[in-house]
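Engineer: Contents of entry10.csv (CSV, C-alpha atoms) are below:
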chain,number,residue,atom,x,y,z
A,12,MET,CA,0.0,0.0,0.0
A,13,LEU,CA,2.8,2.4,0.8
A,14,LYS,CA,4.2,2.4,-2.7
A,15,ASP,CA,0.8,3.4,-4.0
A,16,TRP,CA,1.0,6.7,-2.2
A,17,ILE,CA,4.6,7.5,-1.2
A,18,SER,CA,7.4,8.6,-3.6
A,19,SER,CA,9.7,5.7,-4.0
A,20,LYS,CA,12.7,7.7,-2.7
A,21,TYR,CA,11.1,7.6,0.7
A,22,LEU,CA,10.8,3.8,0.9
A,23,ALA,CA,14.5,2.8,1.0
A,24,ASN,CA,15.3,1.4,4.5
A,25,ASN,CA,18.4,3.5,5.1
A,26,LYS,CA,16.3,6.7,4.3
A,27,VAL,CA,14.0,5.9,7.1
A,28,ASN,CA,16.9,5.8,9.5
A,29,ASP,CA,18.2,9.1,8.3
A,30,PHE,CA,14.8,10.7,8.9
A,31,ASN,CA,14.6,9.2,12.3
A,32,ARG,CA,17.9,10.9,13.2
A,33,LYS,CA,16.7,14.2,11.8
A,34,PHE,CA,13.4,13.9,13.6
A,35,ILE,CA,14.9,13.2,17.0
A,36,ASN,CA,17.7,15.8,16.8
A,37,ALA,CA,15.6,18.7,15.3
A,38,LYS,CA,15.4,22.0,17.2
A,39,PRO,CA,13.5,23.5,18.9
A,40,PHE,CA,11.6,20.2,19.2
A,41,SER,CA,11.5,16.9,17.4
A,42,HIS,CA,10.2,17.3,13.8
A,43,VAL,CA,10.9,16.6,10.2
A,44,VAL,CA,9.8,18.0,6.8
A,45,LEU,CA,9.5,15.3,4.1
A,46,LYS,CA,9.5,17.1,0.8
A,47,GLU,CA,7.5,15.8,-2.1
A,48,PHE,CA,6.6,12.8,0.0
A,49,PHE,CA,3.5,11.8,-1.9
A,50,ILE,CA,3.0,10.6,-5.4
A,51,LYS,CA,2.2,13.9,-7.1
A,52,ASN,CA,-0.5,13.0,-9.6
A,53,LYS,CA,-2.4,10.9,-7.0
A,54,LEU,CA,-2.3,13.7,-4.4
A,55,LYS,CA,-3.6,16.2,-7.0
A,56,LEU,CA,-6.7,14.0,-7.5
A,57,VAL,CA,-7.1,13.9,-3.7
A,58,LEU,CA,-6.9,17.7,-3.6
A,59,ASN,CA,-9.6,18.0,-6.2
A,60,ALA,CA,-11.8,15.7,-4.2
A,61,LEU,CA,-11.1,17.7,-1.0
A,62,MET,CA,-12.1,20.9,-2.6
A,63,LYS,CA,-15.6,19.4,-3.2
A,64,GLU,CA,-16.0,18.8,0.5
A,65,GLU,CA,-18.0,21.2,2.7
A,66,PHE,CA,-15.9,23.6,4.8
A,67,THR,CA,-17.0,25.7,7.7
A,68,GLU,CA,-15.4,29.0,9.0
A,69,LYS,CA,-13.6,28.7,12.3
A,70,ASN,CA,-13.0,31.8,14.3
A,71,SER,CA,-11.8,32.5,17.8
A,72,ASP,CA,-9.2,34.5,19.7
A,73,LEU,CA,-6.6,31.9,18.6
A,74,TYR,CA,-7.4,31.2,14.9
A,75,GLN,CA,-9.3,32.0,11.7
A,76,PHE,CA,-9.5,29.5,8.9
A,77,LYS,CA,-11.9,27.1,7.1
A,78,GLN,CA,-12.1,23.5,8.2
A,79,THR,CA,-13.9,20.5,6.7
A,80,ILE,CA,-17.2,20.0,8.6
A,81,ASN,CA,-16.5,16.3,9.0
A,82,ASP,CA,-13.4,14.3,9.7
A,83,ILE,CA,-12.0,12.8,6.4
A,84,LYS,CA,-12.8,9.3,7.8
A,85,SER,CA,-16.5,10.0,7.0
A,86,ALA,CA,-15.8,11.4,3.5
A,87,ASP,CA,-18.2,10.0,0.9
A,88,ASN,CA,-15.8,10.6,-1.9
A,89,ASN,CA,-14.0,7.3,-2.7
A,90,LEU,CA,-10.5,8.7,-3.3
A,91,LEU,CA,-10.6,10.9,-0.2
A,92,TYR,CA,-11.7,7.8,1.8
A,93,GLU,CA,-8.9,5.8,0.2
A,94,PHE,CA,-6.4,8.4,1.2
A,95,TYR,CA,-7.7,8.3,4.8
A,96,LEU,CA,-7.5,4.5,4.8
A,97,PHE,CA,-3.9,4.6,3.6
A,98,PHE,CA,-3.0,7.3,6.2
A,99,SER,CA,-4.6,5.3,9.1
A,100,SER,CA,-3.3,1.9,7.9
A,101,LYS,CA,-1.2,-0.3,10.1
A,102,GLU,CA,1.5,-0.2,7.4
A,103,PHE,CA,1.7,3.6,7.4
A,104,LEU,CA,1.5,3.9,11.2
A,105,ASP,CA,4.5,1.5,11.4
A,106,TYR,CA,6.3,3.7,8.9
A,107,ILE,CA,5.6,6.8,10.9
A,108,ASN,CA,6.6,4.9,14.1
A,109,LYS,CA,10.0,4.1,12.5
A,110,ILE,CA,10.6,7.7,11.6
A,111,THR,CA,9.5,9.1,15.0
A,112,GLY,CA,10.2,6.3,17.4
A,113,ILE,CA,6.8,7.1,18.9
A,114,LYS,CA,4.0,4.5,19.5
A,115,ILE,CA,0.8,5.4,17.8
A,116,ASN,CA,-2.4,3.5,16.8
A,117,GLU,CA,-5.0,6.0,15.7
A,118,ILE,CA,-5.3,9.2,13.6
A,119,ASP,CA,-7.7,12.0,13.0
A,120,MET,CA,-7.7,14.1,9.8
A,121,SER,CA,-9.4,17.3,8.7
A,122,GLY,CA,-9.0,19.5,5.6
A,123,PHE,CA,-8.0,23.2,6.1
A,124,ILE,CA,-8.1,26.2,3.9
A,125,TYR,CA,-6.3,29.4,5.0
A,126,GLY,CA,-7.3,32.3,2.8
A,127,GLN,CA,-5.9,35.8,2.9
A,128,SER,CA,-5.8,37.1,6.5
A,129,ASP,CA,-6.3,33.6,8.1
A,130,TYR,CA,-3.9,32.4,10.8
A,131,LEU,CA,-3.4,30.2,13.8
A,132,LEU,CA,-1.6,31.8,16.8
A,133,PRO,CA,0.9,30.1,19.1
A,134,HIS,CA,-0.3,27.0,21.1
A,135,ASP,CA,1.2,23.6,22.0
A,136,ASP,CA,-1.4,21.2,20.7
A,137,GLN,CA,-1.3,19.2,23.9
A,138,LEU,CA,-4.4,17.0,24.6
A,139,GLU,CA,-4.7,13.5,26.0
A,140,GLY,CA,-3.5,10.9,23.5
A,141,ARG,CA,-2.1,13.3,20.9
A,142,LYS,CA,1.5,12.1,20.1
A,143,ILE,CA,2.5,13.5,16.7
A,144,ALA,CA,1.0,16.4,14.8
A,145,TYR,CA,1.1,16.2,11.0
A,146,VAL,CA,0.4,18.5,8.0
A,147,VAL,CA,0.1,17.4,4.4
A,148,ASN,CA,0.6,20.5,2.3
A,149,LEU,CA,-1.7,20.7,-0.8
A,150,SER,CA,-1.1,24.1,-2.1
A,151,GLU,CA,1.5,25.1,-4.7
A,152,LYS,CA,4.7,26.8,-3.5
A,153,PHE,CA,4.3,29.7,-1.1
A,154,THR,CA,7.0,32.3,-1.0
A,155,ARG,CA,7.9,34.2,2.2
A,156,LYS,CA,5.8,37.1,1.0
A,157,ASP,CA,2.7,34.9,0.8
A,158,GLY,CA,3.0,34.2,4.5
A,159,GLY,CA,1.3,31.0,5.7
A,160,ARG,CA,4.5,29.5,7.1
A,161,LEU,CA,4.4,26.9,9.8
A,162,GLN,CA,6.6,28.3,12.5
A,163,PHE,CA,8.1,26.6,15.6
A,164,PHE,CA,9.0,28.5,18.8
A,165,SER,CA,12.0,28.0,21.0
A,166,THR,CA,11.0,28.1,24.7
A,167,LYS,CA,12.2,29.7,27.9
A,168,ASP,CA,10.9,28.2,31.1
A,169,LYS,CA,8.5,26.1,29.0
A,170,LYS,CA,7.0,29.2,27.5
A,171,PRO,CA,7.3,30.1,23.8
A,172,PHE,CA,10.1,32.7,23.3
A,173,LYS,CA,10.6,33.3,19.6
A,174,THR,CA,10.2,31.6,16.2
A,175,THR,CA,13.4,29.7,15.2
A,176,LYS,CA,12.1,27.6,12.3
A,177,SER,CA,9.7,28.5,9.6
A,178,TYR,CA,8.5,26.3,6.8
A,179,SER,CA,6.6,27.6,3.7
A,180,PRO,CA,4.0,25.3,2.4
A,181,ASN,CA,4.8,23.4,-0.7
A,182,PHE,CA,2.7,20.8,-2.6
A,183,GLY,CA,3.2,17.2,-1.3
A,184,ASN,CA,5.2,18.0,1.8
A,185,LEU,CA,4.6,16.0,4.9
A,186,VAL,CA,5.5,17.8,8.2
A,187,LEU,CA,5.7,15.7,11.4
A,188,PHE,CA,6.3,17.1,14.9
A,189,LYS,CA,6.2,15.6,18.3
A,190,VAL,CA,3.5,17.0,20.6
A,191,SER,CA,4.8,18.0,24.0
A,192,ASP,CA,4.7,20.8,26.5
A,193,ILE,CA,7.3,22.7,24.5
A,194,SER,CA,5.8,22.1,21.0
A,195,PHE,CA,4.7,25.7,20.5
A,196,HIS,CA,3.9,26.5,16.9
A,197,GLN,CA,1.8,28.8,14.8
A,198,VAL,CA,0.6,29.3,11.2
A,199,GLU,CA,1.6,32.7,10.1
A,200,GLU,CA,-1.1,34.8,8.5
A,201,VAL,CA,-1.6,34.3,4.8
A,202,MET,CA,-0.7,37.7,3.4
A,203,SER,CA,-1.4,37.2,-0.3
A,204,ARG,CA,-4.5,36.0,-2.2
A,205,LYS,CA,-3.2,32.4,-2.4
A,206,GLU,CA,-5.0,29.7,-0.5
A,207,ARG,CA,-3.1,27.5,1.9
A,208,ILE,CA,-4.7,24.1,1.7
A,209,SER,CA,-3.8,21.1,3.8
A,210,PHE,CA,-4.8,18.0,5.6
A,211,ALA,CA,-3.8,18.2,9.3
A,212,GLY,CA,-4.4,16.3,12.5
A,213,TRP,CA,-2.7,14.0,14.9
A,214,PHE,CA,-1.4,10.5,15.3
A,215,HIS,CA,-2.7,9.3,18.7
A,216,GLU,CA,-2.1,6.5,21.1
A,217,HIS,CA,-5.1,5.3,23.1
B,2,MET,CA,-16.9,64.2,46.3
B,3,ASN,CA,-20.6,64.9,45.5
B,4,ILE,CA,-21.3,64.2,41.8
B,5,LYS,CA,-23.2,67.4,41.3
B,6,THR,CA,-20.2,69.4,42.6
B,7,ALA,CA,-17.9,67.4,40.4
B,8,LEU,CA,-20.0,68.1,37.3
B,9,LYS,CA,-19.6,71.9,37.9
B,10,SER,CA,-15.8,71.7,38.4
B,11,GLU,CA,-13.3,73.5,36.3
B,12,ILE,CA,-11.4,70.4,35.3
B,13,LEU,CA,-14.4,68.4,34.0
B,14,ASN,CA,-15.6,71.4,32.1
B,15,GLU,CA,-12.2,71.8,30.6
B,16,PHE,CA,-12.0,68.2,29.4
B,17,LEU,CA,-15.4,66.7,28.7
B,18,ASN,CA,-18.1,67.2,26.2
B,19,LEU,CA,-20.6,69.4,28.2
B,20,ASP,CA,-23.5,66.9,27.4
B,21,TYR,CA,-22.0,64.5,29.8
B,22,LEU,CA,-21.8,67.1,32.6
B,23,ASN,CA,-25.6,67.3,32.7
B,24,TYR,CA,-26.7,65.4,35.8
B,25,GLU,CA,-29.9,64.0,34.1
B,26,THR,CA,-27.9,62.8,31.1
B,27,LEU,CA,-25.3,61.2,33.3
B,28,THR,CA,-28.0,59.5,35.4
B,29,GLU,CA,-29.3,57.9,32.1
B,30,VAL,CA,-25.7,56.8,31.3
B,31,LYS,CA,-25.5,55.2,34.8
B,32,LYS,CA,-28.8,53.4,34.3
B,33,ALA,CA,-27.8,52.1,30.9
B,34,PHE,CA,-24.5,50.8,32.2
B,35,ALA,CA,-26.3,48.9,34.9
B,36,LYS,CA,-29.0,47.5,32.6
B,37,ASN,CA,-26.6,46.3,29.8
B,38,SER,CA,-25.3,42.7,30.0
B,39,PRO,CA,-22.4,42.7,30.6
B,40,ASN,CA,-22.5,46.0,32.4
B,41,SER,CA,-21.2,48.4,29.9
B,42,ILE,CA,-21.7,51.6,28.0
B,43,LYS,CA,-20.1,53.5,25.1
B,44,LEU,CA,-20.0,57.3,25.1
B,45,GLU,CA,-19.1,59.0,21.8
B,46,THR,CA,-17.6,62.5,21.4
B,47,PHE,CA,-16.4,62.2,25.0
B,48,PHE,CA,-13.8,64.9,25.1
B,49,LYS,CA,-14.2,68.5,23.9
B,50,LYS,CA,-12.7,68.8,20.4
B,51,GLU,CA,-9.6,70.9,21.4
B,52,LYS,CA,-8.9,68.6,24.4
B,53,TYR,CA,-9.2,65.5,22.2
B,54,ASP,CA,-6.8,66.9,19.7
B,55,LEU,CA,-4.3,67.8,22.5
B,56,LEU,CA,-4.6,64.3,24.1
B,57,LEU,CA,-4.1,62.7,20.8
B,58,LYS,CA,-1.0,64.8,20.1
B,59,GLU,CA,0.5,64.0,23.5
B,60,LEU,CA,-0.3,60.3,23.0
B,61,LEU,CA,1.6,60.2,19.7
B,62,LYS,CA,4.7,61.7,21.4
B,63,LEU,CA,5.0,58.9,23.9
B,64,LYS,CA,7.7,56.2,23.6
B,65,PHE,CA,6.1,52.8,23.2
B,66,LYS,CA,7.7,49.5,24.1
B,67,LYS,CA,6.7,46.2,22.3
B,68,ILE,CA,5.3,43.6,24.7
B,69,TYR,CA,5.4,40.1,23.1
B,70,SER,CA,4.6,36.9,25.0
B,71,PRO,CA,3.6,34.6,22.1
B,72,GLU,CA,1.0,32.5,24.0
B,73,ILE,CA,-0.5,35.6,25.7
B,74,CYS,CA,-0.3,38.8,23.7
B,75,SER,CA,1.5,41.2,21.3
B,76,PHE,CA,1.1,45.0,21.4
B,77,SER,CA,3.0,48.2,22.3
B,78,MET,CA,2.6,49.9,25.6
B,79,SER,CA,3.5,53.2,27.3
B,80,ILE,CA,2.7,55.3,30.3
B,81,ILE,CA,-0.1,57.9,29.9
B,82,SER,CA,0.6,61.5,29.0
B,83,ASP,CA,0.8,64.2,31.7
B,84,GLU,CA,-2.3,65.8,30.3
B,85,PHE,CA,-4.3,62.5,30.6
B,86,SER,CA,-2.9,61.9,34.0
B,87,LYS,CA,-4.1,65.3,35.2
B,88,LEU,CA,-7.6,64.3,34.4
B,89,ILE,CA,-7.7,60.8,35.7
B,90,LYS,CA,-6.0,61.7,39.0
B,91,SER,CA,-8.5,64.4,39.7
B,92,GLU,CA,-11.0,63.8,42.5
B,93,GLU,CA,-13.7,65.1,40.1
B,94,PHE,CA,-13.1,62.6,37.4
B,95,ILE,CA,-12.8,59.8,39.9
B,96,SER,CA,-16.2,60.9,41.3
B,97,PHE,CA,-17.5,60.9,37.7
B,98,ILE,CA,-16.4,57.2,37.2
B,99,GLU,CA,-17.7,56.2,40.6
B,100,PHE,CA,-21.1,57.5,39.7
B,101,ILE,CA,-21.3,55.5,36.5
B,102,PHE,CA,-19.9,52.3,38.0
B,103,ASP,CA,-21.8,52.8,41.3
B,104,LYS,CA,-18.6,51.8,43.1
B,105,LYS,CA,-16.0,53.3,45.3
B,106,ILE,CA,-12.6,53.5,43.6
B,107,ASN,CA,-9.4,52.9,45.4
B,108,ASN,CA,-6.8,52.5,42.7
B,109,ILE,CA,-6.6,53.1,38.9
B,110,GLN,CA,-4.0,51.4,36.7
B,111,SER,CA,-3.4,53.2,33.5
B,112,GLU,CA,-1.5,52.6,30.2
B,113,SER,CA,-1.4,53.9,26.6
B,114,LEU,CA,-1.6,51.1,24.1
B,115,ILE,CA,-1.0,50.6,20.4
B,116,PHE,CA,-2.3,47.6,18.4
B,117,GLU,CA,-1.1,47.2,14.9
B,118,HIS,CA,-0.7,44.5,12.2
B,119,LYS,CA,0.1,41.1,13.8
B,120,ASP,CA,-0.9,42.2,17.3
B,121,TYR,CA,-3.4,40.3,19.4
B,122,THR,CA,-4.3,39.1,22.9
B,123,LEU,CA,-5.5,35.6,23.7
B,124,LEU,CA,-8.0,34.3,26.3
B,125,GLN,CA,-6.2,32.7,29.2
B,126,ASP,CA,-7.4,29.5,31.0
B,127,ASN,CA,-8.8,29.7,34.5
B,128,VAL,CA,-8.6,33.4,34.9
B,129,LYS,CA,-11.6,34.6,37.0
B,130,GLU,CA,-11.2,38.2,38.1
B,131,SER,CA,-13.5,41.0,38.6
B,132,PHE,CA,-12.5,44.5,37.5
B,133,PHE,CA,-13.8,47.5,35.7
B,134,GLU,CA,-12.2,48.7,32.4
B,135,ILE,CA,-12.3,52.0,30.7
B,136,ASN,CA,-11.0,52.4,27.1
B,137,PHE,CA,-10.5,55.8,25.5
B,138,PHE,CA,-10.1,55.4,21.7
B,139,PHE,CA,-8.3,57.7,19.4
B,140,ASN,CA,-9.0,56.3,15.9
B,141,ASP,CA,-11.8,54.8,13.8
B,142,TRP,CA,-11.5,51.2,12.8
B,143,LYS,CA,-13.0,48.6,10.5
B,144,GLU,CA,-14.1,45.1,11.7
B,145,GLU,CA,-12.5,43.4,8.6
B,146,PHE,CA,-9.1,44.5,10.0
B,147,GLY,CA,-9.6,42.3,13.1
B,148,GLY,CA,-8.6,44.2,16.2
B,149,TYR,CA,-12.0,44.4,17.8
B,150,PHE,CA,-12.4,43.9,21.5
B,151,SER,CA,-14.3,40.8,22.3
B,152,TYR,CA,-15.8,40.3,25.8
B,153,PHE,CA,-16.2,36.6,26.3
B,154,LYS,CA,-17.8,34.1,28.6
B,155,ASP,CA,-18.4,30.8,26.9
B,156,GLU,CA,-19.5,32.9,23.9
B,157,GLU,CA,-19.0,36.5,22.8
B,158,LEU,CA,-21.2,38.8,24.9
B,159,LEU,CA,-20.0,42.2,23.6
B,160,ARG,CA,-17.8,43.4,20.7
B,161,ILE,CA,-16.3,46.8,20.7
B,162,LEU,CA,-14.9,48.6,17.6
B,163,PRO,CA,-12.7,51.6,18.2
B,164,ILE,CA,-14.3,55.0,17.3
B,165,HIS,CA,-12.3,58.1,17.7
B,166,ASN,CA,-13.1,60.2,20.7
B,167,SER,CA,-15.2,57.4,22.2
B,168,VAL,CA,-14.9,55.8,25.6
B,169,THR,CA,-16.2,52.4,26.8
B,170,PHE,CA,-16.9,51.4,30.3
B,171,VAL,CA,-17.1,47.7,31.0
B,172,HIS,CA,-17.4,45.5,34.1
B,173,LEU,CA,-15.5,42.3,33.6
B,174,ASP,CA,-17.0,40.0,36.1
B,175,GLU,CA,-15.9,36.4,35.3
B,176,ILE,CA,-15.8,37.7,31.7
B,177,GLN,CA,-12.6,37.7,29.7
B,178,LYS,CA,-11.5,40.0,26.9
B,179,PHE,CA,-9.4,39.4,23.9
B,180,VAL,CA,-8.3,41.6,21.1
B,181,LYS,CA,-8.7,39.9,17.7
B,182,TYR,CA,-5.5,39.4,15.7
B,183,ILE,CA,-5.0,42.4,13.4
B,184,ASN,CA,-4.6,41.2,9.9
B,185,VAL,CA,-3.0,42.3,6.6
B,186,TYR,CA,-6.1,44.3,5.6
B,187,SER,CA,-5.3,46.8,8.3
B,188,GLY,CA,-2.3,48.1,6.3
B,189,PHE,CA,-0.6,50.9,8.3
B,190,ASN,CA,-3.7,51.6,10.5
B,191,LYS,CA,-3.2,51.3,14.2
B,192,ILE,CA,-5.5,51.2,17.2
B,193,LEU,CA,-4.5,53.9,19.7
B,194,LEU,CA,-6.1,53.9,23.1
B,195,VAL,CA,-5.7,54.7,26.8
B,196,ASN,CA,-6.8,51.8,29.0
B,197,LEU,CA,-7.8,52.2,32.7
B,198,ARG,CA,-8.2,49.2,34.9
B,199,ILE,CA,-10.0,49.6,38.2
I'd like the structure from this file rewritten - as structure tokens, please.

Structural biologist:
Amino acid sequence: MLKDWISSKYLANNKVNDFNRKFINAKPFSHVVLKEFFIKNKLKLVLNALMKEEFTEKNSDLYQFKQTINDIKSADNNLLYEFYLFFSSKEFLDYINKITGIKINEIDMSGFIYGQSDYLLPHDDQLEGRKIAYVVNLSEKFTRKDGGRLQFFSTKDKKPFKTTKSYSPNFGNLVLFKVSDISFHQVEEVMSRKERISFAGWFHEH
Amino acid sequence: MNIKTALKSEILNEFLNLDYLNYETLTEVKKAFAKNSPNSIKLETFFKKEKYDLLLKELLKLKFKKIYSPEICSFSMSIISDEFSKLIKSEEFISFIEFIFDKKINNIQSESLIFEHKDYTLLQDNVKESFFEINFFFNDWKEEFGGYFSYFKDEELLRILPIHNSVTFVHLDEIQKFVKYINVYSGFNKILLVNLRI
């Protein structure tokens, strides 16, 4: 199943060990960005399917964006559901486990659209059972001027201090980071008229 | 100090729109404050025109310092100008506020604030305080910029948009406030205000 969805360059055994080292040693907390991780043409079809789903506006002190009304696991569209099945399969969870060294057995998944002026302010994502946060980027390359970067904070006394890593979205990237009491991150406001589209959620252990 | 004496005082007559120095009008303000949920009132054209212009000019001369605690807030802060201080330290103005709030005031904390693009404040968990807040605004603002003041208890109870020369009185009783993130549409616009906390 993995080879149906993941670029072949990510399936070599020694690669997985490299990514494991990168993940563990990353600063300011464990994370890795796997560029062009998915098979491009297939992911494009998934994106098309996602854009037909129903989104709702989410708005609070902490954020402003659009999110799919339902978790992708209840998607009616076959291809979207297949993507969910792949992402939640034992095989893929084992693969993620090899990269992160973290035990997981469940996922959740929503689709997100950040339009111009949408954002997500600093928070740590901590909630019972959440082990690894992930983002699958589905929009074409963002430049720095477009905003929309995923940014990680260094911490002082377990409080976020300043952003030390910023990742611009690019189609097909998979971002993984370990959820902990120091995993403070934000999604920078989208400044341009581009849309930042993604799947995101968590790998859990229950 | 007796409110009627305060309303006739030189200092209030020097600063405030005379409409608000009418005892009957102010009694209506007091009633409206108590009736609104949460207890709150907004008064427009609060200062006399010349005084407003002067207060704004003094406000713009202050040196502001950026306050950034990513999980809490981002804004710029300063002390208040001498001119503003003269008003809020006066017995007469304290009596004016006491009358609206129907409460004896012991201590006022004051600061000048600027909110601009990328600034915000976030709701904090488990904060249950009771205090009164007064905000004097020095510019107009559009809701699409973000930056509105949202008073919140499980849901939004009150939303305030800055209007130049307006003042809002709010009682935060187990209510929290946040300032919505100011987005790219704001351009170079800034929210300027003086905040009093009682």

Engineer: Find, counting only C-alpha atoms, the residue in B:Leu194, B:Leu158, B:Leu13, B:Val185 that gets nearest to chain A.

Structural biologist: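 Residue with the minimum atom-to-atom distance to chain A: B:Val185.
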
Engineer: Just the number, please: distance in Å from CA of Ile143 in chain A to CA of Val186 in chain A, one decimal.

Structural biologist: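 Atom-to-atom, CA of Ile143 in chain A and CA of Val186 in chain A are spaced 10.0 Å apart.
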
Engineer: Around the point (-1.2, 26.4, 22.0) (coordinates from the file), which residues reach within 7 Å if we count all atoms listed in the file? Answer as an mmCIF file with C-alpha atoms, keeping the file's coordinate frame.

Structural biologist:
data_model
loop_
_atom_site.group_PDB
_atom_site.id
_atom_site.type_symbol
_atom_site.label_atom_id
_atom_site.label_comp_id
_atom_site.auth_asym_id
_atom_site.auth_seq_id
_atom_site.Cartn_x
_atom_site.Cartn_y
_atom_site.Cartn_z
ATOM 1 C CA PRO A 133 0.900 30.100 19.100
ATOM 2 C CA HIS A 134 -0.300 27.000 21.100
ATOM 3 C CA ASP A 135 1.200 23.600 22.000
ATOM 4 C CA ASP A 136 -1.400 21.200 20.700
ATOM 5 C CA PHE A 195 4.700 25.700 20.500
ATOM 6 C CA GLU B 72 1.000 32.500 24.000
#

Engineer: Where does range 112-169 of chain A meet range 135-152 of chain B within 12 Å, residue by residue, with the nearest atom pair and distance in Å to one decimal for each, counting all atoms listed in the file, listed by chain and rising number, as a tab-separated table?

Structural biologist:
residue	atom	partner	partner_atom	distance
A:Gln127	CA	B:Glu145	CA	11.6
A:Ser128	CA	B:Phe146	CA	8.8
A:Asp129	CA	B:Gly147	CA	10.6
A:Tyr130	CA	B:Gly147	CA	11.7

Engineer: Choose the residue, out of B:Ile95, B:Ser131, B:Tyr69, B:Lys43, that has the smallest atom-to-atom separation from Phe116 in chain B; count only C-alpha atoms.

Structural biologist: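 Smallest distance to Phe116 in chain B is found for B:Tyr69.
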
Engineer: Based on only C-alpha atoms, which of the residues in chain B come within 7 Å of chain A? I want them as a list in words.

Structural biologist: Pro71, Glu72, Leu123, Leu124, Phe179, Lys181, Asn184 and Val185 of chain B

Engineer: For the contact check between range 137-178 of chain A and range 47-50 of chain A, emit one row per residue of range 137-178 of chain A within 12 Å, containing the shortest atom pair and the distance in Å rounded to one decimal, counting all atoms listed in the file, chain then rising number order, as a tab-separated table.

Structural biologist:
residue	atom	partner	partner_atom	distance
A:Val146	CA	A:Phe48	CA	11.6
A:Val147	CA	A:Phe49	CA	9.1
A:Asn148	CA	A:Glu47	CA	9.4
A:Leu149	CA	A:Phe49	CA	10.4
A:Ser150	CA	A:Glu47	CA	12.0
A:Glu151	CA	A:Glu47	CA	11.4
A:Lys152	CA	A:Glu47	CA	11.4

Engineer: Calculate how many Å separate CA of Asn14 in chain B from CA of Glu59 in chain B, rounding to one decimal.

Structural biologist: 19.7 Å

Engineer: Would you mind telling me which residue in A:Tyr106, A:Phe30, A:Phe76, A:Phe94 lies nearest to Val198 in chain A when using all atoms listed in the file?

Structural biologist: A:Phe76

Engineer: Within 12 Å of range 99-104 of chain B, counting all atoms listed in the file, which residues qualify if same-chain residues fewer than 2 places away don't, as a VMD selection string?

Structural biologist: chain B and resid 2 to 5 7 to 8 21 to 22 24 26 to 36 40 to 44 92 to 97 106 to 109 132 to 135 169 to 173 199

Engineer: Between CA of Ile17 in chain A and CA of Leu138 in chain A, measure the distance and give it in Å to one decimal.

Structural biologist: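 Result for CA of Ile17 in chain A versus CA of Leu138 in chain A: 28.9 Å, one decimal.
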
Engineer: Tell me which protein, DNA and RNA residues are within 7 Å of range 122-126 of chain A, counting all atoms listed in the file, leaving out same-chain ones fewer than 4 positions away, and put them as a list in words.

Structural biologist: Phe76, Lys77, Gln78, Thr79, Tyr130, Val201, Arg204, Lys205, Glu206, Arg207, Ile208, Ser209, Phe210 and Ala211 of chain A

Engineer: Near Met12 in chain A, counting only C-alpha atoms, which residues have an atom at most 10 Å away, once you skip same-chain residues fewer than 4 positions from it, shown as a tab-separated table (two decimals) with C-alpha atoms, in the frame of the given file?

Structural biologist:
chain	number	residue	atom	x	y	z
A	16	TRP	CA	1.00	6.70	-2.20
A	17	ILE	CA	4.60	7.50	-1.20
A	96	LEU	CA	-7.50	4.50	4.80
A	97	PHE	CA	-3.90	4.60	3.60
A	100	SER	CA	-3.30	1.90	7.90
A	102	GLU	CA	1.50	-0.20	7.40
A	103	PHE	CA	1.70	3.60	7.40

Engineer: With distances taken over all atoms listed in the file, which residue among B:Phe16, B:Phe189, B:Phe153, B:Tyr182 lies nearest Ser91 in chain B?

Structural biologist: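 Of all the options, B:Phe16 lies closest to Ser91 in chain B.
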